[in-house]
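> Got a structure for you, run38.cif, holding mmCIF, C-alpha atoms.
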```cif
data_run
#
loop_
_atom_site.group_PDB
_atom_site.id
_atom_site.type_symbol
_atom_site.label_atom_id
_atom_site.label_comp_id
_atom_site.auth_asym_id
_atom_site.auth_seq_id
_atom_site.Cartn_x
_atom_site.Cartn_y
_atom_site.Cartn_z
ATOM 1 C CA MET A 1 -4.505 11.132 -18.284
ATOM 2 C CA THR A 2 -8.213 10.357 -18.343
ATOM 3 C CA GLY A 3 -10.720 10.883 -15.575
ATOM 4 C CA ARG A 4 -10.252 7.359 -14.243
ATOM 5 C CA MET A 5 -12.267 6.507 -11.146
ATOM 6 C CA SER A 6 -11.447 3.880 -8.575
ATOM 7 C CA LEU A 7 -13.708 1.420 -6.792
ATOM 8 C CA GLY A 8 -17.003 3.026 -5.791
ATOM 9 C CA GLY A 9 -16.425 6.151 -7.913
ATOM 10 C CA SER A 10 -13.713 7.370 -5.554
ATOM 11 C CA ARG A 11 -10.098 8.219 -6.377
ATOM 12 C CA ILE A 12 -7.481 5.941 -4.822
ATOM 13 C CA LEU A 13 -3.742 6.458 -4.814
ATOM 14 C CA LEU A 14 -2.141 3.179 -3.710
ATOM 15 C CA VAL A 15 0.890 3.670 -1.450
ATOM 16 C CA GLY A 16 2.890 0.447 -1.362
ATOM 17 C CA GLY A 17 6.019 -0.821 0.326
ATOM 18 C CA VAL A 18 7.181 -3.303 2.922
ATOM 19 C CA HIS A 19 6.105 -3.151 6.546
ATOM 20 C CA GLY A 20 8.112 -0.503 8.385
ATOM 21 C CA VAL A 21 9.129 1.525 5.321
ATOM 22 C CA GLY A 22 7.104 4.535 6.508
ATOM 23 C CA LYS A 23 3.893 4.343 4.455
ATOM 24 C CA SER A 24 1.562 5.288 7.317
ATOM 25 C CA THR A 25 3.747 8.169 8.483
ATOM 26 C CA LEU A 26 3.976 9.581 4.964
ATOM 27 C CA CYS A 27 0.262 9.138 4.242
ATOM 28 C CA ALA A 28 -0.648 10.902 7.480
ATOM 29 C CA LYS A 29 1.574 13.869 6.525
ATOM 30 C CA VAL A 30 0.154 14.140 3.013
ATOM 31 C CA CYS A 31 -3.575 13.399 3.413
ATOM 32 C CA SER A 32 -4.634 16.752 4.819
ATOM 33 C CA GLN A 33 -2.706 18.567 2.088
ATOM 34 C CA VAL A 34 -4.520 16.712 -0.715
ATOM 35 C CA ASP A 35 -7.951 16.712 0.926
ATOM 36 C CA GLY A 36 -7.780 12.941 1.199
ATOM 37 C CA GLU A 37 -8.375 10.168 3.678
ATOM 38 C CA HIS A 38 -5.740 7.646 4.748
ATOM 39 C CA LEU A 39 -6.877 4.015 4.695
ATOM 40 C CA VAL A 40 -4.695 1.100 5.801
ATOM 41 C CA ALA A 41 -5.313 -2.174 3.962
ATOM 42 C CA GLY A 42 -4.394 -4.340 6.963
ATOM 43 C CA GLU A 43 -6.741 -2.430 9.278
ATOM 44 C CA LEU A 44 -9.606 -2.755 6.798
ATOM 45 C CA ILE A 45 -9.009 -6.519 6.571
ATOM 46 C CA ARG A 46 -8.773 -6.932 10.353
ATOM 47 C CA THR A 47 -11.947 -4.895 10.894
ATOM 48 C CA GLU A 48 -13.885 -6.748 8.200
ATOM 49 C CA CYS A 49 -12.829 -10.155 9.611
ATOM 50 C CA LYS A 50 -12.972 -9.027 13.260
ATOM 51 C CA LEU A 51 -9.367 -10.110 13.818
ATOM 52 C CA PRO A 52 -7.126 -8.956 16.667
ATOM 53 C CA ILE A 53 -4.136 -6.699 16.000
ATOM 54 C CA THR A 54 -0.861 -8.649 15.970
ATOM 55 C CA VAL A 55 2.774 -7.812 15.240
ATOM 56 C CA ASP A 56 3.156 -10.910 13.075
ATOM 57 C CA LYS A 57 3.477 -9.716 9.475
ATOM 58 C CA ARG A 58 2.804 -13.113 7.894
ATOM 59 C CA VAL A 59 -0.495 -13.769 6.139
ATOM 60 C CA GLU A 60 -2.366 -17.084 6.251
ATOM 61 C CA SER A 61 -4.163 -16.686 2.897
ATOM 62 C CA VAL A 62 -3.085 -13.808 0.644
ATOM 63 C CA ASP A 63 -5.918 -14.369 -1.850
ATOM 64 C CA ARG A 64 -8.634 -14.528 0.821
ATOM 65 C CA ASN A 65 -7.289 -11.433 2.586
ATOM 66 C CA GLN A 66 -7.302 -9.462 -0.644
ATOM 67 C CA ASP A 67 -10.880 -10.497 -1.425
ATOM 68 C CA VAL A 68 -11.793 -9.223 2.039
ATOM 69 C CA LEU A 69 -9.946 -5.955 1.332
ATOM 70 C CA VAL A 70 -11.889 -5.296 -1.876
ATOM 71 C CA ARG A 71 -15.144 -6.058 -0.036
ATOM 72 C CA ALA A 72 -14.202 -3.713 2.825
ATOM 73 C CA LEU A 73 -13.261 -0.928 0.415
ATOM 74 C CA ALA A 74 -16.559 -1.294 -1.427
ATOM 75 C CA ARG A 75 -18.283 -0.792 1.924
ATOM 76 C CA VAL A 76 -16.338 2.281 3.140
ATOM 77 C CA LEU A 77 -15.454 4.285 0.035
ATOM 78 C CA LEU A 78 -17.503 7.340 -0.834
ATOM 79 C CA PRO A 79 -17.989 8.462 -4.449
ATOM 80 C CA GLY A 80 -15.829 11.406 -5.464
ATOM 81 C CA HIS A 81 -13.625 11.207 -2.363
ATOM 82 C CA ARG A 82 -9.828 10.918 -2.447
ATOM 83 C CA TYR A 83 -7.992 8.173 -0.632
ATOM 84 C CA LEU A 84 -4.404 7.180 0.006
ATOM 85 C CA LEU A 85 -4.543 3.412 0.463
ATOM 86 C CA ASP A 86 -1.567 2.180 2.460
ATOM 87 C CA GLY A 87 -0.902 -1.385 1.365
ATOM 88 C CA HIS A 88 1.372 -3.840 -0.398
ATOM 89 C CA PHE A 89 2.184 -5.405 -3.737
ATOM 90 C CA ALA A 90 3.606 -8.573 -2.121
ATOM 91 C CA LEU A 91 3.288 -10.187 1.314
ATOM 92 C CA LEU A 92 4.986 -12.776 3.464
ATOM 93 C CA THR A 93 2.885 -15.945 3.841
ATOM 94 C CA SER A 94 2.506 -17.928 7.054
ATOM 95 C CA ASN A 95 5.008 -20.411 5.526
ATOM 96 C CA GLY A 96 7.614 -17.644 5.254
ATOM 97 C CA LEU A 97 7.333 -17.395 1.458
ATOM 98 C CA ILE A 98 6.920 -14.165 -0.478
ATOM 99 C CA SER A 99 3.658 -14.048 -2.428
ATOM 100 C CA ASP A 100 2.500 -11.475 -4.964
ATOM 101 C CA ILE A 101 -0.920 -9.977 -4.383
ATOM 102 C CA PRO A 102 -3.141 -11.092 -7.283
ATOM 103 C CA LEU A 103 -3.539 -8.695 -10.211
ATOM 104 C CA GLU A 104 -7.298 -9.159 -9.845
ATOM 105 C CA THR A 105 -7.146 -7.459 -6.451
ATOM 106 C CA PHE A 106 -5.670 -4.325 -7.971
ATOM 107 C CA GLU A 107 -8.131 -4.529 -10.847
ATOM 108 C CA GLY A 108 -10.946 -4.627 -8.266
ATOM 109 C CA ILE A 109 -9.565 -1.642 -6.353
ATOM 110 C CA SER A 110 -8.801 0.216 -9.596
ATOM 111 C CA PRO A 111 -6.371 2.793 -8.215
ATOM 112 C CA ILE A 112 -5.697 5.859 -10.364
ATOM 113 C CA SER A 113 -1.980 5.837 -9.511
ATOM 114 C CA ALA A 114 0.554 4.171 -7.231
ATOM 115 C CA VAL A 115 3.590 5.047 -5.178
ATOM 116 C CA LEU A 116 6.203 2.557 -4.051
ATOM 117 C CA ILE A 117 8.311 3.574 -1.070
ATOM 118 C CA ARG A 118 11.719 1.990 -0.608
ATOM 119 C CA ASP A 119 14.385 2.346 2.068
ATOM 120 C CA ASP A 120 17.529 0.718 3.338
ATOM 121 C CA PRO A 121 16.638 -2.704 4.845
ATOM 122 C CA ALA A 122 18.708 -1.912 7.970
ATOM 123 C CA ALA A 123 16.702 1.282 8.552
ATOM 124 C CA ILE A 124 13.438 -0.627 8.050
ATOM 125 C CA ALA A 125 14.531 -3.381 10.468
ATOM 126 C CA LYS A 126 15.427 -0.758 13.071
ATOM 127 C CA ARG A 127 12.026 0.970 12.762
ATOM 128 C CA MET A 128 10.209 -2.358 12.983
ATOM 129 C CA LYS A 129 12.168 -3.359 16.086
ATOM 130 C CA GLU A 130 11.308 -0.039 17.743
ATOM 131 C CA ARG A 131 7.648 -0.286 16.720
ATOM 132 C CA ASP A 132 6.970 -4.011 17.164
ATOM 133 C CA GLY A 133 9.635 -5.040 19.665
ATOM 134 C CA ARG A 134 10.791 -7.815 17.293
ATOM 135 C CA ILE A 135 13.944 -8.404 15.311
ATOM 136 C CA TYR A 136 13.446 -8.820 11.565
ATOM 137 C CA ASP A 137 15.932 -10.325 9.127
ATOM 138 C CA GLU A 138 17.384 -7.623 6.861
ATOM 139 C CA THR A 139 17.926 -10.128 4.038
ATOM 140 C CA LEU A 140 14.246 -11.070 4.129
ATOM 141 C CA ILE A 141 13.258 -7.389 4.172
ATOM 142 C CA ALA A 142 15.496 -6.779 1.137
ATOM 143 C CA SER A 143 13.982 -9.730 -0.731
ATOM 144 C CA LEU A 144 10.431 -8.657 0.082
ATOM 145 C CA GLN A 145 11.208 -5.074 -0.909
ATOM 146 C CA GLU A 146 12.615 -6.229 -4.253
ATOM 147 C CA ARG A 147 9.515 -8.353 -4.889
ATOM 148 C CA GLU A 148 7.274 -5.372 -4.033
ATOM 149 C CA PHE A 149 9.222 -3.324 -6.590
ATOM 150 C CA ILE A 150 9.001 -5.931 -9.369
ATOM 151 C CA HIS A 151 5.335 -6.736 -8.797
ATOM 152 C CA GLY A 152 4.425 -3.071 -8.258
ATOM 153 C CA GLU A 153 5.783 -2.228 -11.692
ATOM 154 C CA LYS A 154 3.893 -5.184 -13.190
ATOM 155 C CA VAL A 155 0.635 -4.089 -11.538
ATOM 156 C CA CYS A 156 0.952 -0.523 -12.814
ATOM 157 C CA VAL A 157 1.706 -1.657 -16.367
ATOM 158 C CA PHE A 158 -1.255 -4.071 -16.189
ATOM 159 C CA LEU A 159 -3.590 -1.301 -14.987
ATOM 160 C CA GLY A 160 -2.066 1.396 -17.206
ATOM 161 C CA ILE A 161 -1.505 3.760 -14.273
ATOM 162 C CA PRO A 162 1.475 5.924 -13.304
ATOM 163 C CA LEU A 163 3.935 4.677 -10.687
ATOM 164 C CA LEU A 164 6.247 6.824 -8.593
ATOM 165 C CA ILE A 165 9.150 5.118 -6.826
ATOM 166 C CA THR A 166 10.592 7.141 -3.977
ATOM 167 C CA CYS A 167 12.660 6.827 -0.825
ATOM 168 C CA PRO A 168 13.733 8.982 2.114
ATOM 169 C CA PRO A 169 14.648 11.764 2.560
ATOM 170 C CA THR A 170 12.482 13.158 -0.272
ATOM 171 C CA ALA A 171 9.596 10.660 0.008
ATOM 172 C CA ALA A 172 7.162 13.074 1.713
ATOM 173 C CA GLN A 173 7.692 15.838 -0.854
ATOM 174 C CA ASP A 174 7.612 13.315 -3.714
ATOM 175 C CA LEU A 175 4.391 11.717 -2.445
ATOM 176 C CA LEU A 176 2.726 15.107 -1.968
ATOM 177 C CA GLY A 177 3.612 16.308 -5.466
ATOM 178 C CA PHE A 178 2.556 13.038 -7.089
ATOM 179 C CA ALA A 179 -0.679 12.871 -5.088
ATOM 180 C CA LEU A 180 -1.603 16.425 -6.030
ATOM 181 C CA ALA A 181 -0.813 15.800 -9.710
ATOM 182 C CA THR A 182 -2.636 12.485 -10.036
ATOM 183 C CA LEU A 183 -5.602 13.156 -7.746
ATOM 184 C CA GLU A 184 -6.226 16.584 -9.309
ATOM 185 C CA ALA A 185 -5.939 15.213 -12.854
ATOM 186 C CA ASN A 186 -8.572 12.603 -12.174
#
```
Translate this structure into C-alpha cells?

Amino acid sequence: MTGRMSLGGSRILLVGGVHGVGKSTLCAKVCSQVDGEHLVAGELIRTECKLPITVDKRVESVDRNQDVLVRALARVLLPGHRYLLDGHFALLTSNGLISDIPLETFEGISPISAVLIRDDPAAIAKRMKERDGRIYDETLIASLQEREFIHGEKVCVFLGIPLLITCPPTAAQDLLGFALATLEAN
C-alpha cells in the first residue's frame, strides 16, 4: 500500500453503513486508540448549511449535500491528521428512493480505506426507534443496507482502496485492527 493521502493531506478512513447500524458508537470507541478524530458527515453538512438537527433520515438533494460535505471537510481537516469519517455510500431521498452517493464525492474526499458495517435490519430498527422515537420499516432498512454494500464495494474498487465489511459482535475489534493497519501504513 502506498502513502496515499486524503483530502487536505490528512488520512481518512470512511466508516459507512445505514443509519442506526452503530457507526458513531464504534468510531467513538476506536478513535482514541488510533490517535484519530471522529467526524460525522451529516453533522458537517448541517453545520456548513446551518440546518437544524432532525430525525428525518431522508435527503432533499444527495448531490448538493455531498458537495457541501467535501467543502466542509476541506475547511476542517488538518494535514497529517487521522480521521474516521462516519458516513454513507447510499442515502434515502426525500421521495423515499434509495440513491447512491456520487463517485465524485468519494474521489473528492479521497479516503485511504473504508469500512462497511452491517447488522440485522430488526436490530437496526430497534436502535433507531430507541434513539429517534420513530418506527422504521425493516424491509426498507434491508434494501438500503444492501445498496450501501453494493455501492460501497464499487466505490472502493473505483478508488483502489481496501474495504473491510464487518458486523456485530466483532465490529469494534475489526474496525480497530483495520484502522490501525491502514492508518499506520499510510
> Which of these, A:Leu164, A:Leu183, A:Leu159, A:Ala171, has the shortest distance to Ile109 in chain A once you count only C-alpha atoms?
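Residue with the minimum atom-to-atom distance to Ile109 in chain A: A:Leu159.
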> Let me make sure I understand: among A:His19, A:His38, A:Arg71, A:Arg46, which one has the smallest atom-to-atom distance to Asp132 in chain A if we use all atoms listed in the file?
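Closest residue, counting all atoms listed in the file: A:His19.
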> Would you mind reading off the distance between CA of Gly42 in chain A and CA of Gly96 in chain A, one decimal, in Å?
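According to the coordinates, CA of Gly42 in chain A and CA of Gly96 in chain A are separated by 18.0 Å.
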> When you draw a straight line from CA of Glu37 in chain A to CA of Lys154 in chain A, how long is it in Å?
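Calculated distance between CA of Glu37 in chain A and CA of Lys154 in chain A is 25.9 Å.
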> Let me know the residues the PyMOL selection byres ((chain A and resi 112) around 12) catches in the file above, as a JSON list (two decimals) with C-alpha atoms, in the frame of the given file.

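Output (part-v8.json):
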```
[["chain", "number", "residue", "atom", "x", "y", "z"],
["A", 1, "MET", "CA", -4.50, 11.13, -18.28],
["A", 2, "THR", "CA", -8.21, 10.36, -18.34],
["A", 3, "GLY", "CA", -10.72, 10.88, -15.58],
["A", 4, "ARG", "CA", -10.25, 7.36, -14.24],
["A", 5, "MET", "CA", -12.27, 6.51, -11.15],
["A", 6, "SER", "CA", -11.45, 3.88, -8.57],
["A", 7, "LEU", "CA", -13.71, 1.42, -6.79],
["A", 9, "GLY", "CA", -16.42, 6.15, -7.91],
["A", 10, "SER", "CA", -13.71, 7.37, -5.55],
["A", 11, "ARG", "CA", -10.10, 8.22, -6.38],
["A", 12, "ILE", "CA", -7.48, 5.94, -4.82],
["A", 13, "LEU", "CA", -3.74, 6.46, -4.81],
["A", 14, "LEU", "CA", -2.14, 3.18, -3.71],
["A", 15, "VAL", "CA", 0.89, 3.67, -1.45],
["A", 82, "ARG", "CA", -9.83, 10.92, -2.45],
["A", 83, "TYR", "CA", -7.99, 8.17, -0.63],
["A", 84, "LEU", "CA", -4.40, 7.18, 0.01],
["A", 85, "LEU", "CA", -4.54, 3.41, 0.46],
["A", 106, "PHE", "CA", -5.67, -4.32, -7.97],
["A", 107, "GLU", "CA", -8.13, -4.53, -10.85],
["A", 108, "GLY", "CA", -10.95, -4.63, -8.27],
["A", 109, "ILE", "CA", -9.56, -1.64, -6.35],
["A", 110, "SER", "CA", -8.80, 0.22, -9.60],
["A", 111, "PRO", "CA", -6.37, 2.79, -8.22],
["A", 113, "SER", "CA", -1.98, 5.84, -9.51],
["A", 114, "ALA", "CA", 0.55, 4.17, -7.23],
["A", 115, "VAL", "CA", 3.59, 5.05, -5.18],
["A", 155, "VAL", "CA", 0.64, -4.09, -11.54],
["A", 156, "CYS", "CA", 0.95, -0.52, -12.81],
["A", 159, "LEU", "CA", -3.59, -1.30, -14.99],
["A", 160, "GLY", "CA", -2.07, 1.40, -17.21],
["A", 161, "ILE", "CA", -1.50, 3.76, -14.27],
["A", 162, "PRO", "CA", 1.48, 5.92, -13.30],
["A", 163, "LEU", "CA", 3.94, 4.68, -10.69],
["A", 178, "PHE", "CA", 2.56, 13.04, -7.09],
["A", 179, "ALA", "CA", -0.68, 12.87, -5.09],
["A", 181, "ALA", "CA", -0.81, 15.80, -9.71],
["A", 182, "THR", "CA", -2.64, 12.48, -10.04],
["A", 183, "LEU", "CA", -5.60, 13.16, -7.75],
["A", 184, "GLU", "CA", -6.23, 16.58, -9.31],
["A", 185, "ALA", "CA", -5.94, 15.21, -12.85],
["A", 186, "ASN", "CA", -8.57, 12.60, -12.17]]
```
> Please measure the separation of CA of Ala90 in chain A and CA of Glu138 in chain A, giving the value in Å to one decimal.
16.5 Å
> Carefully work through the PyMOL selection byres ((chain A and resi 18) around 10) for this structure and note down the residues it includes, as a tab-separated table (two decimals) with C-alpha atoms, in the frame of the given file.

```tsv
chain	number	residue	atom	x	y	z
A	16	GLY	CA	2.89	0.45	-1.36
A	17	GLY	CA	6.02	-0.82	0.33
A	19	HIS	CA	6.10	-3.15	6.55
A	20	GLY	CA	8.11	-0.50	8.38
A	21	VAL	CA	9.13	1.52	5.32
A	22	GLY	CA	7.10	4.54	6.51
A	23	LYS	CA	3.89	4.34	4.46
A	57	LYS	CA	3.48	-9.72	9.48
A	87	GLY	CA	-0.90	-1.38	1.36
A	88	HIS	CA	1.37	-3.84	-0.40
A	89	PHE	CA	2.18	-5.40	-3.74
A	90	ALA	CA	3.61	-8.57	-2.12
A	91	LEU	CA	3.29	-10.19	1.31
A	92	LEU	CA	4.99	-12.78	3.46
A	116	LEU	CA	6.20	2.56	-4.05
A	117	ILE	CA	8.31	3.57	-1.07
A	118	ARG	CA	11.72	1.99	-0.61
A	119	ASP	CA	14.38	2.35	2.07
A	121	PRO	CA	16.64	-2.70	4.84
A	124	ILE	CA	13.44	-0.63	8.05
A	141	ILE	CA	13.26	-7.39	4.17
A	142	ALA	CA	15.50	-6.78	1.14
A	144	LEU	CA	10.43	-8.66	0.08
A	145	GLN	CA	11.21	-5.07	-0.91
A	146	GLU	CA	12.62	-6.23	-4.25
A	147	ARG	CA	9.52	-8.35	-4.89
A	148	GLU	CA	7.27	-5.37	-4.03
A	149	PHE	CA	9.22	-3.32	-6.59
```
> Would you mind telling me which residue in A:Gly36, A:Leu140, A:Thr166, A:Leu26 lies nearest to Ile98 in chain A when using all atoms listed in the file?
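With all atoms listed in the file as the atom set, the closest residue is A:Leu140.
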> Hey, which of A:Glu130, A:Glu153, A:Glu48, A:Asp100 ends up closest to Val68 in chain A? Count all atoms listed in the file.
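With all atoms listed in the file as the atom set, the closest residue is A:Glu48.
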> Nearest residue to Val157 in chain A out of A:Leu103, A:Leu175, A:Val70, A:Leu39, using all atoms listed in the file?
A:Leu103
> Which is closest to Val76 in chain A among A:Thr47, A:Ser24, A:Gln33, A:Thr170, if we use all atoms listed in the file?
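Once distances to Val76 in chain A are computed over all atoms listed in the file, the minimum belongs to A:Thr47.
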